[in-house]
Each structure stands twice: as C-alpha cells, then as structure tokens.
>>> print(open('work_31.pdb').read())   # PDB, C-alpha atoms, pLDDT in the B column
ATOM      1  CA  MET A  77      19.667  -7.420  26.105  1.00 30.00           C
ATOM      2  CA  LEU A  78      19.099 -10.603  24.123  1.00 34.00           C
ATOM      3  CA  ALA A  79      15.647 -11.054  25.646  1.00 35.00           C
ATOM      4  CA  ALA A  80      14.738  -7.450  24.813  1.00 34.00           C
ATOM      5  CA  VAL A  81      15.787  -7.873  21.190  1.00 32.00           C
ATOM      6  CA  LEU A  82      13.770 -11.082  20.925  1.00 33.00           C
ATOM      7  CA  LEU A  83      10.683  -9.400  22.325  1.00 33.00           C
ATOM      8  CA  LEU A  84      11.043  -6.509  19.934  1.00 35.00           C
ATOM      9  CA  GLY A  85      11.453  -8.911  17.060  1.00 35.00           C
ATOM     10  CA  LEU A  86       8.322 -10.832  18.006  1.00 34.00           C
ATOM     11  CA  ALA A  87       6.332  -7.632  18.487  1.00 34.00           C
ATOM     12  CA  ALA A  88       7.257  -6.533  14.990  1.00 35.00           C
ATOM     13  CA  CYS A  89       6.202  -9.784  13.335  1.00 38.00           C
ATOM     14  CA  ASP A  90       3.248  -8.441  11.430  1.00 46.00           C
ATOM     15  CA  SER A  91       2.753  -9.395   7.772  1.00 57.00           C
ATOM     16  CA  THR A  92       4.102  -6.000   6.696  1.00 56.00           C
ATOM     17  CA  VAL A  93       5.267  -2.847   8.443  1.00 58.00           C
ATOM     18  CA  SER A  94       4.926   0.789   7.426  1.00 56.00           C
ATOM     19  CA  SER A  95       7.813   2.723   5.853  1.00 54.00           C
ATOM     20  CA  GLN A  96       6.368   6.194   6.383  1.00 57.00           C
ATOM     21  CA  LYS A  97       9.633   7.961   7.245  1.00 57.00           C
ATOM     22  CA  GLU A  98      11.238   6.698   4.055  1.00 60.00           C
ATOM     23  CA  VAL A  99       8.325   7.846   1.883  1.00 60.00           C
ATOM     24  CA  VAL A 100       8.166  11.289   3.518  1.00 54.00           C
ATOM     25  CA  LYS A 101      11.933  11.765   3.191  1.00 61.00           C
ATOM     26  CA  GLN A 102      11.854  10.906  -0.513  1.00 62.00           C
ATOM     27  CA  ASN A 103       8.987  13.293  -1.226  1.00 60.00           C
ATOM     28  CA  GLN A 104       9.738  16.639   0.370  1.00 64.00           C
ATOM     29  CA  PRO A 105       7.732  19.710  -0.773  1.00 64.00           C
ATOM     30  CA  GLY A 106       9.025  20.777  -4.167  1.00 61.00           C
ATOM     31  CA  GLN A 107      11.157  17.641  -4.480  1.00 64.00           C
ATOM     32  CA  MET A 108       8.651  14.898  -5.214  1.00 64.00           C
ATOM     33  CA  SER A 109       9.931  11.719  -6.848  1.00 69.00           C
ATOM     34  CA  PRO A 110       9.210  11.357 -10.593  1.00 72.00           C
ATOM     35  CA  ALA A 111       6.686   8.585  -9.918  1.00 72.00           C
ATOM     36  CA  VAL A 112       4.762  10.802  -7.502  1.00 75.00           C
ATOM     37  CA  SER A 113       4.833  13.961  -9.616  1.00 76.00           C
ATOM     38  CA  GLY A 114       3.995  11.947 -12.725  1.00 81.00           C
ATOM     39  CA  PHE A 115       1.038  10.164 -11.160  1.00 87.00           C
ATOM     40  CA  PHE A 116      -0.470  13.060  -9.208  1.00 86.00           C
ATOM     41  CA  GLY A 117       0.642  16.057 -11.289  1.00 87.00           C
ATOM     42  CA  GLN A 118       0.098  19.385  -9.510  1.00 85.00           C
ATOM     43  CA  ASP A 119      -2.017  17.640  -6.884  1.00 87.00           C
ATOM     44  CA  ALA A 120       1.158  16.100  -5.421  1.00 83.00           C
ATOM     45  CA  SER A 121       1.679  19.278  -3.374  1.00 84.00           C
ATOM     46  CA  LEU A 122      -1.526  18.541  -1.435  1.00 87.00           C
ATOM     47  CA  LEU A 123      -0.127  15.387   0.155  1.00 86.00           C
ATOM     48  CA  GLN A 124       0.813  15.591   3.832  1.00 84.00           C
ATOM     49  CA  PRO A 125       2.287  13.032   6.276  1.00 83.00           C
ATOM     50  CA  GLY A 126      -0.453  10.733   7.503  1.00 76.00           C
ATOM     51  CA  LYS A 127      -1.397  10.126  11.102  1.00 83.00           C
ATOM     52  CA  GLU A 128      -1.087   6.780  12.855  1.00 75.00           C
ATOM     53  CA  GLY A 129      -3.002   4.127  10.947  1.00 72.00           C
ATOM     54  CA  GLN A 130      -3.090   6.208   7.750  1.00 70.00           C
ATOM     55  CA  ALA A 131      -0.965   6.025   4.613  1.00 76.00           C
ATOM     56  CA  ALA A 132       2.502   7.582   4.657  1.00 81.00           C
ATOM     57  CA  LEU A 133       1.285  10.647   2.730  1.00 85.00           C
ATOM     58  CA  VAL A 134      -2.401  11.562   2.606  1.00 86.00           C
ATOM     59  CA  TYR A 135      -4.876  14.108   1.249  1.00 92.00           C
ATOM     60  CA  ILE A 136      -8.616  14.188   1.965  1.00 93.00           C
ATOM     61  CA  ASN A 137     -10.713  16.863   0.249  1.00 95.00           C
ATOM     62  CA  PRO A 138     -12.534  18.643   3.108  1.00 94.00           C
ATOM     63  CA  ASN A 139     -15.478  19.700   0.909  1.00 95.00           C
ATOM     64  CA  VAL A 140     -16.600  16.275  -0.309  1.00 95.00           C
ATOM     65  CA  GLN A 141     -20.109  15.046   0.518  1.00 94.00           C
ATOM     66  CA  TRP A 142     -19.067  11.420   0.787  1.00 94.00           C
ATOM     67  CA  LYS A 143     -22.541  10.002   1.442  1.00 90.00           C
ATOM     68  CA  TYR A 144     -23.588  10.748  -2.145  1.00 91.00           C
ATOM     69  CA  TYR A 145     -20.863   8.552  -3.655  1.00 94.00           C
ATOM     70  CA  ASP A 146     -22.131   4.971  -3.732  1.00 88.00           C
ATOM     71  CA  LYS A 147     -20.487   3.679  -6.912  1.00 95.00           C
ATOM     72  CA  ILE A 148     -16.857   3.208  -7.932  1.00 97.00           C
ATOM     73  CA  LEU A 149     -15.169   3.075 -11.321  1.00 97.00           C
ATOM     74  CA  LEU A 150     -12.037   0.999 -10.679  1.00 96.00           C
ATOM     75  CA  GLN A 151      -9.343   1.699 -13.270  1.00 95.00           C
ATOM     76  CA  PRO A 152      -6.673  -0.859 -14.279  1.00 94.00           C
ATOM     77  CA  VAL A 153      -3.761  -0.772 -11.820  1.00 93.00           C
ATOM     78  CA  GLN A 154      -0.622   0.886 -13.201  1.00 92.00           C
ATOM     79  CA  PHE A 155       3.040  -0.046 -12.648  1.00 89.00           C
ATOM     80  CA  TRP A 156       5.633   2.730 -12.350  1.00 87.00           C
ATOM     81  CA  ASP A 157       9.372   2.081 -12.513  1.00 84.00           C
ATOM     82  CA  SER A 158      12.474   3.193 -14.368  1.00 80.00           C
ATOM     83  CA  ALA A 159      12.993   2.256 -18.018  1.00 79.00           C
ATOM     84  CA  ASN A 160      15.469  -0.473 -17.001  1.00 80.00           C
ATOM     85  CA  SER A 161      13.160  -1.999 -14.397  1.00 80.00           C
ATOM     86  CA  SER A 162      14.388  -5.216 -12.815  1.00 80.00           C
ATOM     87  CA  VAL A 163      10.775  -6.409 -12.624  1.00 80.00           C
ATOM     88  CA  SER A 164       9.928  -8.438 -15.713  1.00 83.00           C
ATOM     89  CA  PRO A 165       6.853  -7.560 -17.808  1.00 86.00           C
ATOM     90  CA  ALA A 166       5.293 -10.860 -16.720  1.00 84.00           C
ATOM     91  CA  ASP A 167       5.784  -9.998 -13.042  1.00 82.00           C
ATOM     92  CA  GLN A 168       4.473  -6.473 -13.614  1.00 85.00           C
ATOM     93  CA  GLN A 169       1.324  -7.911 -15.163  1.00 88.00           C
ATOM     94  CA  MET A 170       0.950 -10.424 -12.342  1.00 85.00           C
ATOM     95  CA  LEU A 171       1.362  -7.787  -9.620  1.00 84.00           C
ATOM     96  CA  THR A 172      -1.026  -5.262 -11.137  1.00 89.00           C
ATOM     97  CA  ALA A 173      -3.619  -7.955 -11.854  1.00 90.00           C
ATOM     98  CA  TYR A 174      -3.399  -9.199  -8.279  1.00 89.00           C
ATOM     99  CA  MET A 175      -3.858  -5.690  -6.900  1.00 90.00           C
ATOM    100  CA  TYR A 176      -6.829  -4.991  -9.171  1.00 94.00           C
ATOM    101  CA  ASN A 177      -8.534  -8.267  -8.300  1.00 93.00           C
ATOM    102  CA  LYS A 178      -7.981  -7.763  -4.581  1.00 93.00           C
ATOM    103  CA  LEU A 179      -9.419  -4.236  -4.708  1.00 95.00           C
ATOM    104  CA  GLU A 180     -12.381  -5.473  -6.731  1.00 95.00           C
ATOM    105  CA  GLN A 181     -12.974  -8.315  -4.290  1.00 94.00           C
ATOM    106  CA  ASP A 182     -12.944  -6.057  -1.209  1.00 95.00           C
ATOM    107  CA  LEU A 183     -14.808  -3.088  -2.678  1.00 96.00           C
ATOM    108  CA  THR A 184     -17.695  -5.084  -4.130  1.00 95.00           C
ATOM    109  CA  LYS A 185     -18.656  -6.169  -0.619  1.00 93.00           C
ATOM    110  CA  HIS A 186     -19.772  -2.606   0.154  1.00 93.00           C
ATOM    111  CA  PHE A 187     -19.936  -0.615  -3.097  1.00 95.00           C
ATOM    112  CA  THR A 188     -21.323  -1.017  -6.610  1.00 96.00           C
ATOM    113  CA  LEU A 189     -18.539  -1.190  -9.186  1.00 97.00           C
ATOM    114  CA  VAL A 190     -19.376   0.263 -12.595  1.00 97.00           C
ATOM    115  CA  ASN A 191     -17.763   0.283 -16.046  1.00 95.00           C
ATOM    116  CA  ARG A 192     -18.189   3.972 -16.856  1.00 94.00           C
ATOM    117  CA  GLY A 193     -18.206   7.288 -15.054  1.00 95.00           C
ATOM    118  CA  GLY A 194     -21.145   9.477 -14.176  1.00 94.00           C
ATOM    119  CA  PRO A 195     -22.726  11.532 -11.381  1.00 93.00           C
ATOM    120  CA  ASN A 196     -21.949  10.394  -7.825  1.00 93.00           C
ATOM    121  CA  ILE A 197     -19.377   7.898  -9.058  1.00 97.00           C
ATOM    122  CA  MET A 198     -15.843   7.775  -7.650  1.00 97.00           C
ATOM    123  CA  GLN A 199     -12.995   6.895 -10.004  1.00 97.00           C
ATOM    124  CA  LEU A 200     -10.215   4.983  -8.244  1.00 97.00           C
ATOM    125  CA  GLN A 201      -6.730   4.982  -9.789  1.00 95.00           C
ATOM    126  CA  VAL A 202      -3.905   2.959  -8.239  1.00 94.00           C
ATOM    127  CA  ALA A 203      -0.249   2.586  -9.207  1.00 91.00           C
ATOM    128  CA  LEU A 204       2.330   0.142  -7.868  1.00 88.00           C
ATOM    129  CA  VAL A 205       5.783   1.694  -7.695  1.00 85.00           C
ATOM    130  CA  ASN A 206       8.787  -0.613  -8.139  1.00 79.00           C
ATOM    131  CA  ALA A 207       7.503  -3.438  -5.945  1.00 62.00           C
ATOM    132  CA  THR A 208      10.502  -5.483  -4.826  1.00 66.00           C
ATOM    133  CA  GLY A 209      10.407  -9.193  -4.120  1.00 65.00           C
ATOM    134  CA  ALA A 210      11.920 -11.127  -1.258  1.00 61.00           C
ATOM    135  CA  THR A 211      14.781 -13.580  -1.721  1.00 58.00           C
ATOM    136  CA  PRO A 212      13.068 -16.887  -0.928  1.00 57.00           C
ATOM    137  CA  GLY A 213      16.012 -18.918   0.361  1.00 57.00           C
ATOM    138  CA  LEU A 214      17.530 -16.225   2.523  1.00 56.00           C
ATOM    139  CA  ARG A 215      14.196 -15.155   3.887  1.00 53.00           C
ATOM    140  CA  SER A 216      13.221 -18.677   4.873  1.00 54.00           C
ATOM    141  CA  VAL A 217      16.537 -19.101   6.676  1.00 55.00           C
ATOM    142  CA  SER A 218      16.164 -15.759   8.473  1.00 53.00           C
ATOM    143  CA  VAL A 219      12.816 -16.835   9.872  1.00 53.00           C
ATOM    144  CA  VAL A 220      13.761 -20.391  10.815  1.00 54.00           C
ATOM    145  CA  ILE A 221      17.157 -19.902  12.473  1.00 52.00           C
ATOM    146  CA  PRO A 222      16.822 -18.052  15.829  1.00 53.00           C
ATOM    147  CA  GLN A 223      20.246 -16.408  15.595  1.00 54.00           C
ATOM    148  CA  LEU A 224      19.416 -14.765  12.285  1.00 52.00           C
ATOM    149  CA  ARG A 225      16.002 -13.788  13.578  1.00 51.00           C
ATOM    150  CA  VAL A 226      17.760 -11.878  16.371  1.00 54.00           C
ATOM    151  CA  LEU A 227      19.992 -10.187  13.801  1.00 52.00           C
ATOM    152  CA  ASN A 228      16.900  -9.149  11.860  1.00 55.00           C
ATOM    153  CA  ALA A 229      15.363  -7.620  14.982  1.00 55.00           C
ATOM    154  CA  ALA A 230      18.600  -5.792  15.821  1.00 55.00           C
ATOM    155  CA  GLN A 231      18.942  -4.486  12.264  1.00 54.00           C
ATOM    156  CA  SER A 232      15.407  -3.155  12.323  1.00 54.00           C
ATOM    157  CA  LEU A 233      16.271  -1.013  15.348  1.00 52.00           C
ATOM    158  CA  ALA A 234      19.160   0.628  13.511  1.00 55.00           C
ATOM    159  CA  THR A 235      17.804   0.891   9.970  1.00 56.00           C
ATOM    160  CA  GLY A 236      14.034   0.617  10.192  1.00 55.00           C
ATOM    161  CA  SER A 237      14.170  -2.300   7.776  1.00 52.00           C
ATOM    162  CA  TYR A 238      14.391  -6.073   8.087  1.00 49.00           C
ATOM    163  CA  ALA A 239      16.867  -8.249   6.239  1.00 48.00           C
ATOM    164  CA  PHE A 240      15.805 -10.602   3.468  1.00 46.00           C
ATOM    165  CA  VAL A 241      12.319  -9.227   2.944  1.00 55.00           C
ATOM    166  CA  GLY A 242      10.391  -7.645   0.105  1.00 66.00           C
ATOM    167  CA  SER A 243       8.429  -4.434  -0.088  1.00 71.00           C
ATOM    168  CA  ALA A 244       5.819  -2.648  -2.137  1.00 78.00           C
ATOM    169  CA  GLU A 245       4.883   0.992  -2.623  1.00 83.00           C
ATOM    170  CA  ALA A 246       1.542   2.206  -3.943  1.00 86.00           C
ATOM    171  CA  GLU A 247      -0.060   5.495  -4.960  1.00 90.00           C
ATOM    172  CA  MET A 248      -3.794   6.071  -4.968  1.00 92.00           C
ATOM    173  CA  LYS A 249      -6.085   8.859  -6.077  1.00 95.00           C
ATOM    174  CA  LEU A 250      -9.849   9.069  -5.939  1.00 95.00           C
ATOM    175  CA  LEU A 251     -11.572  11.422  -8.378  1.00 96.00           C
ATOM    176  CA  ASP A 252     -15.103  12.534  -9.107  1.00 97.00           C
ATOM    177  CA  SER A 253     -15.612  10.661 -12.381  1.00 97.00           C
ATOM    178  CA  SER A 254     -17.714  13.478 -13.843  1.00 95.00           C
ATOM    179  CA  THR A 255     -15.728  16.569 -12.877  1.00 95.00           C
ATOM    180  CA  GLY A 256     -12.245  15.175 -12.292  1.00 95.00           C
ATOM    181  CA  GLU A 257     -12.146  16.814  -8.843  1.00 96.00           C
ATOM    182  CA  LEU A 258      -9.629  15.172  -6.505  1.00 96.00           C
ATOM    183  CA  LEU A 259     -11.509  13.599  -3.597  1.00 97.00           C
ATOM    184  CA  ALA A 260      -8.646  11.833  -1.829  1.00 95.00           C
ATOM    185  CA  ALA A 261      -5.066  10.712  -2.419  1.00 93.00           C
ATOM    186  CA  GLY A 262      -2.416   8.675  -0.692  1.00 89.00           C
ATOM    187  CA  ILE A 263       1.021   7.095  -0.941  1.00 86.00           C
ATOM    188  CA  ASP A 264       2.130   4.193   1.193  1.00 87.00           C
ATOM    189  CA  LYS A 265       5.030   1.764   1.387  1.00 82.00           C
ATOM    190  CA  ARG A 266       5.223  -1.418   3.394  1.00 78.00           C
ATOM    191  CA  LYS A 267       8.008  -3.910   4.016  1.00 73.00           C
ATOM    192  CA  GLY A 268       7.923  -7.507   5.128  1.00 66.00           C
ATOM    193  CA  GLY A 269       7.551  -8.066   8.843  1.00 58.00           C
ATOM    194  CA  VAL A 270       9.253 -11.495   8.945  1.00 51.00           C
ATOM    195  CA  ALA A 271       6.103 -13.239  10.177  1.00 50.00           C
ATOM    196  CA  LEU A 272       6.511 -16.978  10.738  1.00 45.00           C
ATOM    197  CA  SER A 273       3.333 -17.587   8.754  1.00 48.00           C
ATOM    198  CA  ALA A 274       4.923 -15.889   5.743  1.00 48.00           C
ATOM    199  CA  ALA A 275       8.105 -17.989   5.682  1.00 46.00           C
ATOM    200  CA  ALA A 276       6.829 -20.299   2.958  1.00 46.00           C
ATOM    201  CA  GLN A 277       5.209 -17.621   0.810  1.00 46.00           C
ATOM    202  CA  TRP A 278       6.067 -17.303  -2.861  1.00 46.00           C
ATOM    203  CA  ARG A 279       8.585 -14.828  -4.276  1.00 58.00           C
ATOM    204  CA  TRP A 280       6.226 -11.855  -4.117  1.00 67.00           C
ATOM    205  CA  GLY A 281       4.857 -12.790  -0.706  1.00 69.00           C
ATOM    206  CA  ASP A 282       5.560  -9.432   0.940  1.00 71.00           C
ATOM    207  CA  ALA A 283       4.153  -7.476  -1.990  1.00 78.00           C
ATOM    208  CA  GLU A 284       1.053  -9.665  -1.834  1.00 80.00           C
ATOM    209  CA  SER A 285       0.654  -8.977   1.886  1.00 80.00           C
ATOM    210  CA  ALA A 286       1.024  -5.244   1.295  1.00 83.00           C
ATOM    211  CA  MET A 287      -1.594  -5.273  -1.463  1.00 87.00           C
ATOM    212  CA  ASP A 288      -3.997  -7.251   0.748  1.00 88.00           C
ATOM    213  CA  TYR A 289      -3.512  -4.606   3.431  1.00 86.00           C
ATOM    214  CA  TRP A 290      -4.100  -1.684   1.041  1.00 89.00           C
ATOM    215  CA  ALA A 291      -7.237  -3.168  -0.497  1.00 92.00           C
ATOM    216  CA  GLY A 292      -8.750  -3.624   2.935  1.00 91.00           C
ATOM    217  CA  LYS A 293      -7.607  -0.192   4.071  1.00 88.00           C
ATOM    218  CA  VAL A 294      -9.050   1.625   1.030  1.00 92.00           C
ATOM    219  CA  THR A 295     -12.398  -0.074   1.584  1.00 93.00           C
ATOM    220  CA  SER A 296     -12.558   0.566   5.329  1.00 92.00           C
ATOM    221  CA  ARG A 297     -11.450   4.186   4.920  1.00 91.00           C
ATOM    222  CA  LEU A 298     -14.159   4.900   2.333  1.00 94.00           C
ATOM    223  CA  LEU A 299     -16.773   3.369   4.614  1.00 93.00           C
ATOM    224  CA  GLU A 300     -15.470   5.497   7.486  1.00 92.00           C
ATOM    225  CA  LEU A 301     -15.695   8.678   5.409  1.00 92.00           C
ATOM    226  CA  GLN A 302     -19.303   7.805   4.598  1.00 91.00           C
ATOM    227  CA  GLY A 303     -20.158   7.162   8.232  1.00 90.00           C
ATOM    228  CA  ARG A 304     -20.584   3.438   7.631  1.00 87.00           C
ATOM    229  CA  SER A 305     -18.792   0.432   9.090  1.00 77.00           C
ATOM    230  CA  PRO A 306     -18.047  -3.045   7.681  1.00 71.00           C
ATOM    231  CA  SER A 307     -20.044  -4.685  10.468  1.00 63.00           C
ATOM    232  CA  GLU A 308     -23.127  -2.668   9.601  1.00 55.00           C
ATOM    233  CA  GLU A 309     -22.773  -3.634   5.959  1.00 50.00           C
ATOM    234  CA  GLY A 310     -23.069  -7.305   6.398  1.00 46.00           C
TER     235      GLY A 310
END
>>> encode(input="work_31.pdb", output="structure tokens")
Amino acid sequence: MLAAVLLLGLAACDSTVSSQKEVVKQNQPGQMSPAVSGFFGQDASLLQPGKEGQAALVYINPNVQWKYYDKILLQPVQFWDSANSSVSPADQQMLTAYMYNKLEQDLTKHFTLVNRGGPNIMQLQVALVNATGATPGLRSVSVVIPQLRVLNAAQSLATGSYAFVGSAEAEMKLLDSSTGELLAAGIDKRKGGVALSAAAQWRWGDAESAMDYWAGKVTSRLLELQGRSPSEEG
C-alpha cells in the first residue's frame, strides 16, 4: 500500500495539475460564477467541458477561417477577485505583468503582435482569477520529508488536491478585433504538483508554473488551429 501511494505521488509530480472537475462544478449551465459571467457575458453559455489536454471549459467557433489570422492584439491581463481580495495590489500587478510578458514572449515566436485592431487580427483577452500562493515553509517541508510527501499523495487521492501548494485560475477569450466575433474561449485552473524542482520556488511559484503552461498552451493551440506546428516555425 505504501509503495503504491509513493508511486502515485511520484507520477503526479508535474509542475501543476489540472483542476477541471472543480471548474466544471463551479460553473454549471445557468449558474456561472460572477467572474465567468462578468468576463464572458452571454458568451459564457457557449463553454463546454474540455477534452483531455484542453482547458477545463472550452469553446471553439466552428466557422472561423483560422489561416487568415496572422496577427494578435494582446490586451493587458486583468485580475478578477472579490472586493476584499487577500491578494495585495502589488501582487496583482506582479501576477498580471508576469502573465502578459510570458504570453508576449511565447506568441511573438510565431505571430506578429500589433498595437491596434484591424482585419485578420485576433484580440486576446486574459484574466487571472484569484490566484492563490503557496505557503513557502510548509511546502518546502512537504516536499523534503518523505512522510509528508506520502500524506500529500494520499490526500490527493481523496480530495483531488495536494497540501501546501498554490493554484491559479485563468479565463481567456479570442475575438476578431474588427467585428468583435468570439473566435475561441477557455477557462482553466491548475494546482501545484509538488515537484521536487519547485521546492525552492518563490511565493507565487505554482501560479508562475501555471501561467508558463497557459502561455505555451495558447500558442500551441493557435498554431494547431492554423494547421501549423512549432517545429515547422523555427
């Protein structure tokens, strides 16, 4: 039993892990969370549970001619939380700036980023939703001490979540910058995977890992929709 738990714990040691069930449960048809309904408006009803490898909730417009969109207008990343948010304004600014810069860094490898909208230009809007930080001391202990690592693995089996880790949730919508037509949308949430390599990360280490993942995923998904691949691009 102990060996099985250890193996499961090691298998789950990715930088972050998906929280799809949690996102889907919190956003049932007609009962979307305020952050979702506020960000997407009436388009929130179009979101459906994603398949393996996709975001928790996804919408792809079936009528889009993706090959014609070769430029992206990247909007400043938003931060959505309650009025009494526990995340300080300084941390909000740091998180949104990090997400914007990471998206810009990944997207510019394959797309032209522009400062204004126009024909054949996609407008990308992203919002971080109440990103929560890890507790540094506890998290370091949970990774270093084998007994606590086993407890983390066991807890994940029962709750779908690891102890002493952070998480981040993001919403994304892609619009035609000229017409405002919704091209694609998604919501995803990821939690820390208790990777050994992440033990010494800073307070927002798990949120950083999640944002790295999303930036890469947005880029690769857009290339896929256009029939291109990162390897072909360079």
>>> atom_distance(input="work_31.pdb", atom1="CA of Asn191 (chain A)", atom2="CA of Leu149 (chain A)")
6.1 Å
>>> closest_residue(input="work_31.pdb", among="A:Gly194, A:Pro138, A:Gly129, A:Gly303", to="Ser254 (chain A)", atoms="all atoms listed in the file")
A:Gly194
>>> resolve_selection(input="work_31.pdb", expression="the PyMOL selection byres ((chain A and resi 296) around 12)", output="list in words")
Gly129, Gln130, Leu179, Asp182, Leu183, Lys185, His186, Phe187, Tyr289, Trp290, Ala291, Gly292, Lys293, Val294, Thr295, Arg297, Leu298, Leu299, Glu300, Leu301, Gln302, Gly303, Arg304, Ser305, Pro306, Ser307, Glu308 and Glu309 of chain A
>>> residues_around(input="work_31.pdb", residues="Thr188 (chain A)", least_positions_apart="5", cutoff="12 Å", atoms="all atoms listed in the file", output="compact mmCIF listing (two decimals) with C-alpha atoms, in the coordinates of the input")
# COMPACT_ATOMS: atom_id res chain seq x y z
CA TYR A 145 -20.86 8.55 -3.66
CA ASP A 146 -22.13 4.97 -3.73
CA LYS A 147 -20.49 3.68 -6.91
CA ILE A 148 -16.86 3.21 -7.93
CA LEU A 149 -15.17 3.08 -11.32
CA LEU A 150 -12.04 1.00 -10.68
CA GLU A 180 -12.38 -5.47 -6.73
CA GLN A 181 -12.97 -8.32 -4.29
CA ASP A 182 -12.94 -6.06 -1.21
CA LEU A 183 -14.81 -3.09 -2.68
CA ASN A 196 -21.95 10.39 -7.82
CA ILE A 197 -19.38 7.90 -9.06
CA MET A 198 -15.84 7.78 -7.65
CA GLN A 199 -13.00 6.90 -10.00
>>> closest_residue(input="work_31.pdb", among="A:Glu245, A:Leu189, A:Leu123, A:Gln169", to="Asn137 (chain A)", atoms="all atoms listed in the file")
A:Leu123
>>> atom_distance(input="work_31.pdb", atom1="CA of Ser164 (chain A)", atom2="CA of Ala244 (chain A)")
15.3 Å
>>> atom_distance(input="work_31.pdb", atom1="CA of Phe155 (chain A)", atom2="CA of Val134 (chain A)")
19.9 Å
>>> closest_residue(input="work_31.pdb", among="A:Leu171, A:Ser161, A:Asp282, A:Asp264", to="Leu133 (chain A)", atoms="all atoms listed in the file")
A:Asp264
>>> axis_aligned_box(input="work_31.pdb", around="region 241-252 of chain A", padding_each_side="5 Å", output="lines of an AutoDock Vina configuration file")
center_x = -1.4
center_y = 1.7
center_z = -3.1
size_x = 37.4
size_y = 31.8
size_z = 22.1
>>> closest_residue(input="work_31.pdb", among="A:Ala132, A:Ala286, A:Leu204, A:Ala261", to="Ala246 (chain A)", atoms="only C-alpha atoms")
A:Leu204
>>> resolve_selection(input="work_31.pdb", expression="the PyMOL selection byres ((chain A and resi 135) around 10)", output="list in words")
Asp119, Ala120, Ser121, Leu122, Leu123, Gln124, Pro125, Gly126, Ala131, Leu133, Val134, Ile136, Asn137, Pro138, Lys249, Leu258, Leu259, Ala260, Ala261, Gly262 and Ile263 of chain A
>>> build_atoms(input="work_31.pdb", residues="region 151-171 of chain A", atoms="N, CA and C atoms", output="CSV table (one decimal), in the frame of the given file")
chain,number,residue,atom,x,y,z
A,151,GLN,N,-10.2,1.7,-12.1
A,151,GLN,CA,-9.3,1.7,-13.3
A,151,GLN,C,-8.3,0.6,-13.2
A,152,PRO,N,-7.8,0.1,-14.3
A,152,PRO,CA,-6.7,-0.9,-14.3
A,152,PRO,C,-5.5,-0.3,-13.5
A,153,VAL,N,-4.9,-1.2,-12.7
A,153,VAL,CA,-3.8,-0.8,-11.8
A,153,VAL,C,-2.5,-0.6,-12.7
A,154,GLN,N,-1.8,0.5,-12.4
A,154,GLN,CA,-0.6,0.9,-13.2
A,154,GLN,C,0.6,0.4,-12.5
A,155,PHE,N,1.7,0.3,-13.2
A,155,PHE,CA,3.0,0.0,-12.6
A,155,PHE,C,4.1,1.0,-13.1
A,156,TRP,N,4.7,1.7,-12.1
A,156,TRP,CA,5.6,2.7,-12.4
A,156,TRP,C,7.0,2.3,-11.9
A,157,ASP,N,8.0,2.4,-12.8
A,157,ASP,CA,9.4,2.1,-12.5
A,157,ASP,C,10.3,2.7,-13.6
A,158,SER,N,11.5,2.6,-13.4
A,158,SER,CA,12.5,3.2,-14.4
A,158,SER,C,12.4,2.4,-15.7
A,159,ALA,N,13.0,2.9,-16.7
A,159,ALA,CA,13.0,2.3,-18.0
A,159,ALA,C,13.7,0.9,-18.0
A,160,ASN,N,14.7,0.8,-17.1
A,160,ASN,CA,15.5,-0.5,-17.0
A,160,ASN,C,15.0,-1.3,-15.8
A,161,SER,N,13.7,-1.3,-15.6
A,161,SER,CA,13.2,-2.0,-14.4
A,161,SER,C,13.7,-3.4,-14.3
A,162,SER,N,14.0,-3.8,-13.1
A,162,SER,CA,14.4,-5.2,-12.8
A,162,SER,C,13.2,-6.2,-12.7
A,163,VAL,N,12.0,-5.6,-12.7
A,163,VAL,CA,10.8,-6.4,-12.6
A,163,VAL,C,10.3,-6.8,-14.0
A,164,SER,N,10.3,-8.0,-14.3
A,164,SER,CA,9.9,-8.4,-15.7
A,164,SER,C,8.5,-8.0,-16.1
A,165,PRO,N,8.2,-7.9,-17.4
A,165,PRO,CA,6.9,-7.6,-17.8
A,165,PRO,C,5.8,-8.6,-17.3
A,166,ALA,N,6.2,-9.8,-17.2
A,166,ALA,CA,5.3,-10.9,-16.7
A,166,ALA,C,5.0,-10.6,-15.3
A,167,ASP,N,6.0,-10.3,-14.5
A,167,ASP,CA,5.8,-10.0,-13.0
A,167,ASP,C,5.0,-8.7,-12.9
A,168,GLN,N,5.3,-7.7,-13.7
A,168,GLN,CA,4.5,-6.5,-13.6
A,168,GLN,C,3.0,-6.8,-13.8
A,169,GLN,N,2.7,-7.6,-14.9
A,169,GLN,CA,1.3,-7.9,-15.2
A,169,GLN,C,0.7,-8.7,-14.0
A,170,MET,N,1.5,-9.6,-13.4
A,170,MET,CA,1.0,-10.4,-12.3
A,170,MET,C,0.6,-9.6,-11.1
A,171,LEU,N,1.5,-8.6,-10.8
A,171,LEU,CA,1.4,-7.8,-9.6
A,171,LEU,C,0.2,-6.8,-9.8
